[in-house]
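**Student:** Dropping in my_file.pdb, with PDB, C-alpha atoms.
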ATOM      1  CA  MET A   1     -32.903  -7.932   7.736
ATOM      2  CA  THR A   2     -34.177  -6.637   4.433
ATOM      3  CA  PRO A   3     -31.616  -5.815   1.778
ATOM      4  CA  GLU A   4     -33.278  -2.528   0.818
ATOM      5  CA  THR A   5     -31.895  -1.071   4.039
ATOM      6  CA  THR A   6     -28.382  -1.860   2.784
ATOM      7  CA  THR A   7     -28.517  -0.719  -0.835
ATOM      8  CA  ARG A   8     -27.661   2.915  -0.250
ATOM      9  CA  ASP A   9     -26.175   5.140   2.351
ATOM     10  CA  GLU A  10     -25.754   8.893   2.167
ATOM     11  CA  ARG A  11     -22.184   8.446   3.399
ATOM     12  CA  ASP A  12     -21.221   6.254   0.415
ATOM     13  CA  PRO A  13     -18.385   7.805  -1.600
ATOM     14  CA  GLN A  14     -19.582   9.434  -4.820
ATOM     15  CA  PRO A  15     -18.130   6.825  -7.251
ATOM     16  CA  LEU A  16     -19.781   4.046  -5.257
ATOM     17  CA  ALA A  17     -23.141   5.820  -5.113
ATOM     18  CA  ALA A  18     -22.982   6.470  -8.879
ATOM     19  CA  TYR A  19     -22.025   2.857  -9.612
ATOM     20  CA  LEU A  20     -24.855   1.467  -7.509
ATOM     21  CA  ARG A  21     -27.325   3.853  -9.113
ATOM     22  CA  GLU A  22     -26.279   2.732 -12.599
ATOM     23  CA  LEU A  23     -26.349  -0.913 -11.528
ATOM     24  CA  ARG A  24     -29.903  -0.462 -10.294
ATOM     25  CA  TRP A  25     -30.877   0.979 -13.677
ATOM     26  CA  ALA A  26     -29.152  -1.863 -15.495
ATOM     27  CA  LEU A  27     -31.143  -4.353 -13.409
ATOM     28  CA  ALA A  28     -34.462  -2.609 -14.052
ATOM     29  CA  ALA A  29     -35.973  -5.716 -15.696
ATOM     30  CA  LEU A  30     -35.662  -7.709 -12.449
ATOM     31  CA  PRO A  31     -38.236  -7.795  -9.665
ATOM     32  CA  GLU A  32     -37.488  -5.124  -7.054
ATOM     33  CA  ALA A  33     -36.588  -7.610  -4.308
ATOM     34  CA  ASP A  34     -33.960  -9.272  -6.521
ATOM     35  CA  ARG A  35     -32.620  -5.899  -7.597
ATOM     36  CA  ASP A  36     -32.276  -4.763  -3.983
ATOM     37  CA  GLU A  37     -30.408  -7.959  -3.081
ATOM     38  CA  ILE A  38     -27.940  -7.663  -5.955
ATOM     39  CA  VAL A  39     -27.247  -3.964  -5.395
ATOM     40  CA  ALA A  40     -26.871  -4.475  -1.643
ATOM     41  CA  GLU A  41     -24.415  -7.301  -2.166
ATOM     42  CA  ALA A  42     -22.382  -5.261  -4.669
ATOM     43  CA  ARG A  43     -22.235  -2.400  -2.163
ATOM     44  CA  SER A  44     -21.137  -4.745   0.616
ATOM     45  CA  HIS A  45     -18.446  -6.245  -1.635
ATOM     46  CA  LEU A  46     -17.089  -2.875  -2.790
ATOM     47  CA  LEU A  47     -16.899  -1.511   0.761
ATOM     48  CA  ASP A  48     -15.147  -4.699   1.906
ATOM     49  CA  ARG A  49     -12.641  -4.297  -0.929
ATOM     50  CA  ARG A  50     -12.067  -0.679   0.084
ATOM     51  CA  ASP A  51     -11.551  -1.704   3.715
ATOM     52  CA  SER A  52      -8.953  -4.247   2.592
ATOM     53  CA  GLY A  53      -6.884  -1.437   1.068
ATOM     54  CA  LEU A  54      -8.115  -1.207  -2.519
ATOM     55  CA  SER A  55      -9.339   2.132  -3.854
ATOM     56  CA  ILE A  56     -13.056   2.242  -4.508
ATOM     57  CA  GLU A  57     -12.326   2.967  -8.187
ATOM     58  CA  ALA A  58     -10.140  -0.143  -8.477
ATOM     59  CA  ALA A  59     -12.772  -2.243  -6.698
ATOM     60  CA  ILE A  60     -15.446  -0.985  -9.100
ATOM     61  CA  ALA A  61     -13.197  -1.741 -12.090
ATOM     62  CA  ALA A  62     -12.677  -5.310 -10.828
ATOM     63  CA  LEU A  63     -16.433  -5.851 -10.555
ATOM     64  CA  GLY A  64     -17.012  -4.628 -14.123
ATOM     65  CA  SER A  65     -19.236  -1.958 -15.618
ATOM     66  CA  PRO A  66     -22.804  -1.890 -14.269
ATOM     67  CA  ARG A  67     -24.087  -3.203 -17.596
ATOM     68  CA  ASP A  68     -21.567  -6.074 -17.747
ATOM     69  CA  TYR A  69     -22.083  -6.969 -14.108
ATOM     70  CA  ALA A  70     -25.874  -6.946 -14.526
ATOM     71  CA  ALA A  71     -25.842  -9.069 -17.713
ATOM     72  CA  PRO A  72     -25.583 -12.590 -16.170
ATOM     73  CA  PHE A  73     -28.237 -11.745 -13.558
ATOM     74  CA  LEU A  74     -30.584 -10.598 -16.305
ATOM     75  CA  GLU A  75     -29.802 -13.683 -18.371
ATOM     76  CA  ALA A  76     -30.503 -16.002 -15.435
ATOM     77  CA  TYR A  77     -33.752 -14.166 -14.736
ATOM     78  CA  ARG A  78     -34.911 -14.388 -18.360
ATOM     79  CA  GLN A  79     -34.038 -18.082 -18.379
ATOM     80  CA  SER A  80     -35.858 -18.947 -15.150
ATOM     81  CA  SER A  81     -38.797 -16.725 -16.026
ATOM     82  CA  ALA A  82     -39.136 -18.376 -19.446
ATOM     83  CA  LEU A  83     -39.080 -21.818 -17.828
ATOM     84  CA  ALA A  84     -41.572 -20.844 -15.134
ATOM     85  CA  HIS A  85     -44.098 -19.435 -17.597
ATOM     86  CA  GLY A  86     -43.368 -21.864 -20.437
ATOM     87  CA  ARG A  87     -44.291 -19.220 -23.021
ATOM     88  CA  LEU A  88     -42.685 -19.520 -26.430
ATOM     89  CA  ARG A  89     -42.228 -15.756 -26.741
ATOM     90  CA  GLU A  90     -39.901 -15.970 -23.715
ATOM     91  CA  LEU A  91     -38.330 -19.383 -24.397
ATOM     92  CA  LEU A  92     -37.337 -18.795 -28.018
ATOM     93  CA  PRO A  93     -35.348 -15.553 -27.488
ATOM     94  CA  VAL A  94     -33.395 -17.245 -24.674
ATOM     95  CA  LEU A  95     -32.730 -20.242 -26.904
ATOM     96  CA  PHE A  96     -31.706 -18.272 -30.002
ATOM     97  CA  GLU A  97     -29.421 -15.943 -27.996
ATOM     98  CA  LYS A  98     -27.373 -19.027 -27.098
ATOM     99  CA  VAL A  99     -27.165 -20.535 -30.565
ATOM    100  CA  ALA A 100     -23.682 -19.165 -31.271
ATOM    101  CA  GLY A 101     -22.163 -20.526 -28.071
ATOM    102  CA  SER A 102     -24.064 -23.721 -27.332
ATOM    103  CA  ALA A 103     -24.218 -26.883 -29.423
ATOM    104  CA  ARG A 104     -27.415 -27.872 -27.632
ATOM    105  CA  ALA A 105     -29.103 -24.564 -28.464
ATOM    106  CA  ALA A 106     -27.886 -24.730 -32.071
ATOM    107  CA  GLY A 107     -29.099 -28.333 -32.447
ATOM    108  CA  THR A 108     -32.497 -27.526 -30.986
ATOM    109  CA  ALA A 109     -32.854 -24.449 -33.213
ATOM    110  CA  LEU A 110     -32.042 -26.551 -36.276
ATOM    111  CA  LEU A 111     -34.534 -29.221 -35.231
ATOM    112  CA  LEU A 112     -37.217 -26.567 -34.773
ATOM    113  CA  LEU A 113     -36.554 -25.223 -38.261
ATOM    114  CA  LEU A 114     -36.884 -28.748 -39.652
ATOM    115  CA  LEU A 115     -40.179 -29.201 -37.801
ATOM    116  CA  TRP A 116     -41.647 -25.860 -38.826
ATOM    117  CA  ALA A 117     -40.718 -26.096 -42.512
ATOM    118  CA  PRO A 118     -43.249 -28.839 -43.412
ATOM    119  CA  ALA A 119     -45.869 -27.486 -41.001
ATOM    120  CA  LEU A 120     -45.700 -24.060 -42.633
ATOM    121  CA  ALA A 121     -45.612 -25.564 -46.123
ATOM    122  CA  ILE A 122     -48.857 -27.462 -45.410
ATOM    123  CA  ALA A 123     -50.453 -24.406 -43.779
ATOM    124  CA  GLY A 124     -49.393 -22.142 -46.649
ATOM    125  CA  THR A 125     -50.730 -24.579 -49.230
ATOM    126  CA  ALA A 126     -54.008 -24.821 -47.323
ATOM    127  CA  ILE A 127     -54.331 -21.023 -47.425
ATOM    128  CA  VAL A 128     -53.746 -21.002 -51.198
ATOM    129  CA  LYS A 129     -56.290 -23.812 -51.546
ATOM    130  CA  LEU A 130     -58.958 -21.536 -50.091
ATOM    131  CA  SER A 131     -58.790 -19.317 -53.176
ATOM    132  CA  HIS A 132     -57.310 -21.711 -55.801
ATOM    133  CA  PRO A 133     -58.428 -25.225 -54.847
ATOM    134  CA  GLU A 134     -57.515 -26.679 -58.255
ATOM    135  CA  ILE A 135     -53.750 -25.947 -58.049
ATOM    136  CA  ALA A 136     -52.923 -26.417 -54.341
ATOM    137  CA  GLY A 137     -52.483 -29.701 -52.469
ATOM    138  CA  LEU A 138     -50.341 -32.789 -52.019
ATOM    139  CA  TRP A 139     -49.289 -33.872 -55.495
ATOM    140  CA  LEU A 140     -48.193 -37.241 -56.828
ATOM    141  CA  GLY A 141     -46.860 -37.321 -60.359
ATOM    142  CA  PRO A 142     -44.705 -39.659 -62.465
ATOM    143  CA  HIS A 143     -41.513 -38.157 -61.043
ATOM    144  CA  GLU A 144     -42.649 -36.035 -58.137
ATOM    145  CA  PHE A 145     -44.297 -36.063 -54.761
ATOM    146  CA  PHE A 146     -44.656 -32.731 -53.011
ATOM    147  CA  ILE A 147     -46.954 -30.367 -51.198
ATOM    148  CA  GLY A 148     -47.586 -26.982 -52.761
ATOM    149  CA  THR A 149     -48.993 -25.634 -55.996
ATOM    150  CA  VAL A 150     -48.746 -26.786 -59.601
ATOM    151  CA  ASP A 151     -49.084 -24.841 -62.848
ATOM    152  CA  ASP A 152     -50.805 -27.696 -64.635
ATOM    153  CA  PRO A 153     -53.196 -29.699 -62.424
ATOM    154  CA  GLY A 154     -53.458 -32.328 -65.150
ATOM    155  CA  SER A 155     -49.805 -33.310 -64.809
ATOM    156  CA  ALA A 156     -50.161 -34.842 -61.320
ATOM    157  CA  HIS A 157     -52.728 -36.381 -59.010
ATOM    158  CA  GLU A 158     -53.831 -34.491 -55.911
ATOM    159  CA  LEU A 159     -54.077 -36.774 -52.859
ATOM    160  CA  LEU A 160     -55.486 -34.772 -49.968
ATOM    161  CA  GLY A 161     -58.391 -32.763 -51.251
ATOM    162  CA  PHE A 162     -59.969 -30.731 -48.464
ATOM    163  CA  TRP A 163     -58.335 -32.939 -45.829
ATOM    164  CA  ILE A 164     -55.450 -30.500 -46.144
ATOM    165  CA  PHE A 165     -57.289 -28.080 -43.825
ATOM    166  CA  PRO A 166     -57.512 -30.348 -40.756
ATOM    167  CA  LEU A 167     -54.020 -31.637 -41.575
ATOM    168  CA  ALA A 168     -52.682 -28.062 -41.562
ATOM    169  CA  VAL A 169     -54.327 -27.323 -38.217
ATOM    170  CA  VAL A 170     -53.073 -30.562 -36.648
ATOM    171  CA  GLY A 171     -49.597 -29.946 -38.088
ATOM    172  CA  LEU A 172     -49.404 -26.448 -36.631
ATOM    173  CA  VAL A 173     -50.716 -27.535 -33.216
ATOM    174  CA  VAL A 174     -48.384 -30.540 -32.968
ATOM    175  CA  THR A 175     -45.400 -28.459 -34.131
ATOM    176  CA  TRP A 176     -46.248 -25.716 -31.635
ATOM    177  CA  LEU A 177     -46.460 -28.277 -28.804
ATOM    178  CA  LEU A 178     -43.186 -29.917 -29.859
ATOM    179  CA  THR A 179     -41.516 -26.507 -30.117
ATOM    180  CA  ARG A 180     -42.600 -25.680 -26.585
ATOM    181  CA  LYS A 181     -41.410 -29.018 -25.220
ATOM    182  CA  LEU A 182     -38.059 -28.950 -27.024
ATOM    183  CA  SER A 183     -37.427 -25.296 -26.155
ATOM    184  CA  ARG A 184     -38.152 -25.848 -22.469
ATOM    185  CA  SER A 185     -35.912 -28.887 -22.392
ATOM    186  CA  ALA A 186     -33.051 -27.037 -24.102
ATOM    187  CA  VAL A 187     -33.378 -23.846 -22.022
ATOM    188  CA  ARG A 188     -33.453 -25.910 -18.814
ATOM    189  CA  ARG A 189     -30.107 -27.438 -19.738
ATOM    190  CA  LEU A 190     -28.439 -24.255 -20.942
ATOM    191  CA  GLY A 191     -25.613 -23.047 -18.767
ATOM    192  CA  PRO A 192     -24.661 -19.475 -17.959
ATOM    193  CA  SER A 193     -22.501 -17.411 -20.302
ATOM    194  CA  ARG A 194     -20.045 -16.510 -17.585
TER     195      ARG A 194
ATOM    196  CA  MET B 195      -7.174  -6.430 -37.287
ATOM    197  CA  PRO B 196      -7.042 -10.072 -36.194
ATOM    198  CA  THR B 197      -4.426 -10.873 -33.612
ATOM    199  CA  THR B 198      -2.234 -13.922 -33.706
ATOM    200  CA  PRO B 199      -2.790 -16.089 -30.642
ATOM    201  CA  THR B 200       0.342 -16.438 -28.575
ATOM    202  CA  PRO B 201       1.098 -19.595 -26.604
ATOM    203  CA  GLU B 202       0.603 -17.575 -23.405
ATOM    204  CA  ARG B 203      -2.813 -16.335 -24.547
ATOM    205  CA  ASP B 204      -3.864 -19.846 -25.576
ATOM    206  CA  SER B 205      -2.800 -21.133 -22.202
ATOM    207  CA  ASP B 206      -4.694 -18.345 -20.414
ATOM    208  CA  SER B 207      -7.807 -19.057 -22.458
ATOM    209  CA  ARG B 208      -7.688 -22.804 -21.806
ATOM    210  CA  ARG B 209      -7.110 -22.175 -18.119
ATOM    211  CA  SER B 210     -10.001 -19.695 -18.032
ATOM    212  CA  GLN B 211     -12.394 -22.219 -19.616
ATOM    213  CA  LEU B 212     -11.282 -24.941 -17.243
ATOM    214  CA  ILE B 213     -11.682 -22.685 -14.216
ATOM    215  CA  LYS B 214     -15.158 -21.682 -15.341
ATOM    216  CA  GLY B 215     -16.230 -25.307 -15.313
ATOM    217  CA  LEU B 216     -14.612 -26.098 -12.002
ATOM    218  CA  SER B 217     -15.612 -22.984 -10.092
ATOM    219  CA  GLU B 218     -19.096 -24.252  -9.221
ATOM    220  CA  MET B 219     -17.684 -27.435  -7.716
ATOM    221  CA  ALA B 220     -14.911 -25.562  -5.907
ATOM    222  CA  LEU B 221     -17.404 -23.053  -4.543
ATOM    223  CA  LEU B 222     -19.609 -25.769  -3.076
ATOM    224  CA  CYS B 223     -16.490 -27.421  -1.624
ATOM    225  CA  VAL B 224     -15.488 -24.225   0.166
ATOM    226  CA  LEU B 225     -19.023 -23.754   1.459
ATOM    227  CA  ARG B 226     -18.885 -27.159   3.129
ATOM    228  CA  GLY B 227     -16.679 -25.512   5.753
ATOM    229  CA  GLY B 228     -19.495 -23.224   6.906
ATOM    230  CA  PRO B 229     -21.393 -20.141   5.764
ATOM    231  CA  ARG B 230     -19.257 -17.631   3.838
ATOM    232  CA  TYR B 231     -19.833 -14.290   2.124
ATOM    233  CA  GLY B 232     -18.730 -13.439  -1.411
ATOM    234  CA  LEU B 233     -15.365 -11.799  -0.813
ATOM    235  CA  GLU B 234     -14.414 -14.476   1.707
ATOM    236  CA  LEU B 235     -15.248 -17.129  -0.913
ATOM    237  CA  LEU B 236     -13.098 -15.374  -3.519
ATOM    238  CA  GLU B 237     -10.143 -15.291  -1.132
ATOM    239  CA  ARG B 238     -10.528 -18.918  -0.125
ATOM    240  CA  LEU B 239     -10.858 -20.079  -3.725
ATOM    241  CA  HIS B 240      -7.639 -18.229  -4.460
ATOM    242  CA  GLU B 241      -5.718 -19.363  -1.385
ATOM    243  CA  GLU B 242      -6.898 -22.960  -1.153
ATOM    244  CA  ALA B 243      -7.500 -23.901  -4.776
ATOM    245  CA  GLY B 244      -5.419 -21.357  -6.699
ATOM    246  CA  LEU B 245      -8.547 -20.326  -8.596
ATOM    247  CA  GLU B 246      -8.586 -16.709  -9.751
ATOM    248  CA  VAL B 247     -12.328 -16.155 -10.000
ATOM    249  CA  ALA B 248     -13.159 -12.598 -11.081
ATOM    250  CA  ASP B 249     -15.024 -10.359  -8.655
ATOM    251  CA  GLY B 250     -17.761  -9.860 -11.222
ATOM    252  CA  THR B 251     -18.207 -13.609 -11.745
ATOM    253  CA  ILE B 252     -18.659 -14.948  -8.231
ATOM    254  CA  TYR B 253     -21.932 -13.172  -7.411
ATOM    255  CA  PRO B 254     -23.825 -14.200 -10.562
ATOM    256  CA  LEU B 255     -22.623 -17.750  -9.897
ATOM    257  CA  LEU B 256     -23.822 -17.621  -6.283
ATOM    258  CA  HIS B 257     -27.102 -16.090  -7.452
ATOM    259  CA  ARG B 258     -27.578 -18.947  -9.918
ATOM    260  CA  LEU B 259     -26.796 -21.586  -7.288
ATOM    261  CA  GLU B 260     -29.248 -19.911  -4.936
ATOM    262  CA  ARG B 261     -32.011 -19.880  -7.549
ATOM    263  CA  ALA B 262     -31.276 -23.536  -8.277
ATOM    264  CA  GLY B 263     -31.744 -24.312  -4.580
ATOM    265  CA  LEU B 264     -28.170 -25.541  -4.158
ATOM    266  CA  VAL B 265     -27.212 -22.837  -1.668
ATOM    267  CA  ALA B 266     -29.237 -20.818   0.811
ATOM    268  CA  ALA B 267     -28.384 -17.249   1.776
ATOM    269  CA  ASP B 268     -29.102 -14.918   4.640
ATOM    270  CA  TRP B 269     -28.046 -11.395   5.547
ATOM    271  CA  ARG B 270     -26.043 -10.949   8.719
ATOM    272  CA  THR B 271     -24.455  -7.908  10.289
ATOM    273  CA  ASP B 272     -20.845  -8.623  11.147
ATOM    274  CA  THR B 273     -19.345  -7.259  14.320
ATOM    275  CA  ASP B 274     -16.079  -6.231  12.640
ATOM    276  CA  ASN B 275     -17.515  -3.312  10.673
ATOM    277  CA  GLY B 276     -21.227  -3.287  11.472
ATOM    278  CA  ARG B 277     -22.142  -3.758   7.822
ATOM    279  CA  PRO B 278     -24.551  -6.399   6.539
ATOM    280  CA  ARG B 279     -23.160  -9.195   4.385
ATOM    281  CA  LYS B 280     -24.910 -11.945   2.494
ATOM    282  CA  TYR B 281     -23.777 -15.347   3.744
ATOM    283  CA  TYR B 282     -24.157 -18.533   1.718
ATOM    284  CA  ALA B 283     -24.353 -22.141   2.867
ATOM    285  CA  PRO B 284     -25.061 -25.339   0.940
ATOM    286  CA  THR B 285     -28.545 -26.835   1.132
ATOM    287  CA  PRO B 286     -29.048 -30.618   1.304
ATOM    288  CA  SER B 287     -29.606 -30.503  -2.481
ATOM    289  CA  GLY B 288     -26.340 -28.620  -2.862
ATOM    290  CA  GLU B 289     -24.492 -31.209  -0.802
ATOM    291  CA  ALA B 290     -25.974 -34.006  -2.903
ATOM    292  CA  GLU B 291     -25.032 -32.150  -6.093
ATOM    293  CA  LEU B 292     -21.499 -31.667  -4.809
ATOM    294  CA  ALA B 293     -21.185 -35.377  -4.037
ATOM    295  CA  THR B 294     -22.231 -36.159  -7.623
ATOM    296  CA  MET B 295     -19.813 -33.573  -9.045
ATOM    297  CA  LEU B 296     -16.945 -34.912  -6.968
ATOM    298  CA  ALA B 297     -17.621 -38.497  -8.033
ATOM    299  CA  GLU B 298     -17.644 -37.421 -11.697
ATOM    300  CA  TRP B 299     -14.531 -35.317 -11.203
ATOM    301  CA  ARG B 300     -12.620 -38.180  -9.544
ATOM    302  CA  ALA B 301     -13.621 -40.621 -12.273
ATOM    303  CA  LEU B 302     -12.548 -38.141 -14.967
ATOM    304  CA  ARG B 303      -9.288 -37.376 -13.176
ATOM    305  CA  ALA B 304      -8.468 -41.096 -12.854
ATOM    306  CA  LYS B 305      -9.038 -41.586 -16.593
ATOM    307  CA  LEU B 306      -6.949 -38.536 -17.473
ATOM    308  CA  ASP B 307      -4.182 -39.697 -15.142
ATOM    309  CA  ARG B 308      -4.107 -43.066 -16.888
ATOM    310  CA  LEU B 309      -4.095 -41.364 -20.280
ATOM    311  CA  THR B 310      -1.337 -38.880 -19.460
ATOM    312  CA  ASP B 311       0.761 -41.446 -17.576
ATOM    313  CA  GLY B 312       0.588 -43.606 -20.684
ATOM    314  CA  ASP B 313       2.456 -40.878 -22.572
ATOM    315  CA  LYS B 314       5.435 -41.151 -20.270
ATOM    316  CA  PRO B 315       8.481 -42.834 -21.826
TER     317      PRO B 315
END
Show how you would write the structure in this file as structure tokens.

**Tutor:**
Amino acid sequence: MTPETTTRDERDPQPLAAYLRELRWALAALPEADRDEIVAEARSHLLDRRDSGLSIEAAIAALGSPRDYAAPFLEAYRQSSALAHGRLRELLPVLFEKVAGSARAAGTALLLLLLWAPALAIAGTAIVKLSHPEIAGLWLGPHEFFIGTVDDPGSAHELLGFWIFPLAVVGLVVTWLLTRKLSRSAVRRLGPSR
Amino acid sequence: MPTTPTPERDSDSRRSQLIKGLSEMALLCVLRGGPRYGLELLERLHEEAGLEVADGTIYPLLHRLERAGLVAADWRTDTDNGRPRKYYAPTPSGEAELATMLAEWRALRAKLDRLTDGDKP
């Protein structure tokens, strides 16, 4: 049996038909087969509740608004889709949505920030070095060691020279790969919100 | 305006968090008895385990277990009302997962029992 044959019936009471229609809209991001299954199961549940003596309005209220009811399905779909594709543009939103409620997500997000900070600092310095090679680089002075730009190039010794360009590329690639690996690992272990 | 938590509300919140964590294990336990549909699972969780799982919570949970391969589902038309219902049953992976959960639960319960019994005068 295919669930699409059970998602709607012209004899459904009006509140039920309206609820299922709104639920279908709320689930629009899901593949059609999944959407049909979820709507069909909600319909089956609400009619069972009605048959057990509850009003259809009370049964709908117990299930929650279409948007609230759809939310965990959408979240699970985003999570599994992000893991299946392994794309950062899908993994990172899932991860950052959970930061407030998950120590694992918060820890991973913090680690990613710590990884990206030096990678971006090196890349940014390399970009400046393209136009102002004399002031940008990795500097060692009497009381300092940093990557960036200096006002007075005579006050410190620059260590990298043009090696900063391959270093910037390697840094960005390695950080990107680590971000992907850490994000996948964290998203895989994230639980549902409800 | 912030509300002051009452002891009853604190208790409800703690109970709700605990139930959330246990519901997956309890659900798989109920499914050991044979294939069940959502409303039947809700009623059994309530009657047999005293768990008040919300109507809007059970189906996302079942959906997640199905996607994780821990339960399998199929649509059947029941003879009582001629309507199709989605029935769930544990897969071998689900049974293995349940065995692991139960072992962890029993170990935790034994430790908690020792801890709480130690508080007795």

**Student:** If we count only C-alpha atoms and set the cut-off at 10 Å, which residues sit around B:Arg270, ignoring sequence neighbours fewer than 4 positions away in its own chain? Please answer as a list of chain:residue names.

**Tutor:**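 Answer for this query is A:Met1, B:Tyr231, B:Gly276, B:Arg277, B:Pro278, B:Arg279, B:Lys280, B:Tyr281.
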
**Student:** Dump C-alpha atoms for the selected residues as a PDB file, in the coordinates of the input?

**Tutor:**
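File produced: part.pdb:
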ATOM      1  CA  MET A   1     -32.903  -7.932   7.736  1.00  0.00           C
TER       2      MET A   1
ATOM      3  CA  TYR B 231     -19.833 -14.290   2.124  1.00  0.00           C
ATOM      4  CA  GLY B 276     -21.227  -3.287  11.472  1.00  0.00           C
ATOM      5  CA  ARG B 277     -22.142  -3.758   7.822  1.00  0.00           C
ATOM      6  CA  PRO B 278     -24.551  -6.399   6.539  1.00  0.00           C
ATOM      7  CA  ARG B 279     -23.160  -9.195   4.385  1.00  0.00           C
ATOM      8  CA  LYS B 280     -24.910 -11.945   2.494  1.00  0.00           C
ATOM      9  CA  TYR B 281     -23.777 -15.347   3.744  1.00  0.00           C
TER      10      TYR B 281
END

**Student:** Within 7 Å of chain B, which residues of chain A show up when using all atoms listed in the file, listed as a list in words?

**Tutor:**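 Within 7 Å of chain B on chain A, we get Met1, Glu41, Ser44, His45, Ala62, Leu63, Gly64, Tyr69, Pro72, Phe73, Ala76 and Arg194 of chain A.
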
**Student:** If we draw a sphere of 7 Å around (-21.1, -1.8, -12.6), which residues have at least one atom in it when counting all atoms listed in the file? Please report them as a list of chain:residue names.

**Tutor:**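 Checking each residue against the 7 Å limit leaves A:Tyr19, A:Glu22, A:Leu23, A:Ile60, A:Leu63, A:Gly64, A:Ser65, A:Pro66, A:Arg67, A:Asp68, A:Tyr69.
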
**Student:** Write out as a ChimeraX atom specification which residues come within 10 Å of B:Ser217 when counting only C-alpha atoms, dropping same-chain ones fewer than 3 positions away.

**Tutor:** /B:212-214,220-223,239,243,245-247,251-252,255

**Student:** Using the file's own x, y and z axes, what box holds all listed atoms of stretch 264-268 of chain B with 6 Å on each side, keeping edges along x, y and z, and what are its centre and edge lengths in Å to one decimal, as AutoDock Vina command-line options?

**Tutor:**
--center_x -28.2 --center_y -20.2 --center_z 0.2 --size_x 14.0 --size_y 22.6 --size_z 20.8

**Student:** Calculate how many Å separate atom CA of A:Val174 from atom CA of A:Tyr77, rounding to one decimal.

**Tutor:**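 About the pair atom CA of A:Val174 and atom CA of A:Tyr77: they are 28.5 Å apart.
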
**Student:** In Å, rounded to a single decimal, give me how far atom CA of A:Leu178 is from atom CA of A:Thr108.

**Tutor:** 11.0 Å

**Student:** Determine, counting all atoms listed in the file, which protein, DNA and RNA residues have an atom within 6 Å of an atom of B:Tyr282; residues of the same chain fewer than 2 positions away are not included. Present the result as a PDB file with C-alpha atoms, keeping the file's coordinate frame.

**Tutor:**
ATOM      1  CA  PRO B 229     -21.393 -20.141   5.764  1.00  0.00           C
ATOM      2  CA  ARG B 230     -19.257 -17.631   3.838  1.00  0.00           C
ATOM      3  CA  ALA B 266     -29.237 -20.818   0.811  1.00  0.00           C
ATOM      4  CA  ALA B 267     -28.384 -17.249   1.776  1.00  0.00           C
TER       5      ALA B 267
END

**Student:** Quick one: distance from atom CA of A:Arg188 to atom CA of A:Leu83 in Å, one decimal?

**Tutor:**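 So the two atoms, atom CA of A:Arg188 and atom CA of A:Leu83, lie 7.0 Å apart.
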
**Student:** Residues near B:Val265, anyone? I mean within 7 Å using all atoms listed in the file, not counting same-chain ones fewer than 3 positions away, as a count of residues only.

**Tutor:** 7

**Student:** As a list in words, please: the residues near stretch 168-171 of chain A (cut-off 9 Å, all atoms listed in the file, same-chain neighbours under 5 positions excluded).

**Tutor:** Trp116, Pro118, Ala119, Leu120, Ala121, Ile122, Ala123, Gly124, Thr125, Ala126, Trp163 and Trp176 of chain A

**Student:** For the residues in that selection, give me C-alpha atoms as a JSON list (two decimals), in the coordinates of the input.

**Tutor:**
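Output below, filename result.json:
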[["chain", "number", "residue", "atom", "x", "y", "z"],
["A", 116, "TRP", "CA", -41.65, -25.86, -38.83],
["A", 118, "PRO", "CA", -43.25, -28.84, -43.41],
["A", 119, "ALA", "CA", -45.87, -27.49, -41.00],
["A", 120, "LEU", "CA", -45.70, -24.06, -42.63],
["A", 121, "ALA", "CA", -45.61, -25.56, -46.12],
["A", 122, "ILE", "CA", -48.86, -27.46, -45.41],
["A", 123, "ALA", "CA", -50.45, -24.41, -43.78],
["A", 124, "GLY", "CA", -49.39, -22.14, -46.65],
["A", 125, "THR", "CA", -50.73, -24.58, -49.23],
["A", 126, "ALA", "CA", -54.01, -24.82, -47.32],
["A", 163, "TRP", "CA", -58.34, -32.94, -45.83],
["A", 176, "TRP", "CA", -46.25, -25.72, -31.64]]

**Student:** Between A:Arg78, A:Arg35, A:Arg87, A:Arg43, single out the one closest to A:Pro13, counting all atoms listed in the file.

**Tutor:** A:Arg43

**Student:** What would the selection look like, as an NGL selection string, if the PyMOL selection byres ((chain A and resi 138-150) around 10) were run on the coordinates I just shared?

**Tutor:** :A and (118 or 121-126 or 128-129 or 132-137 or 151-161 or 164)
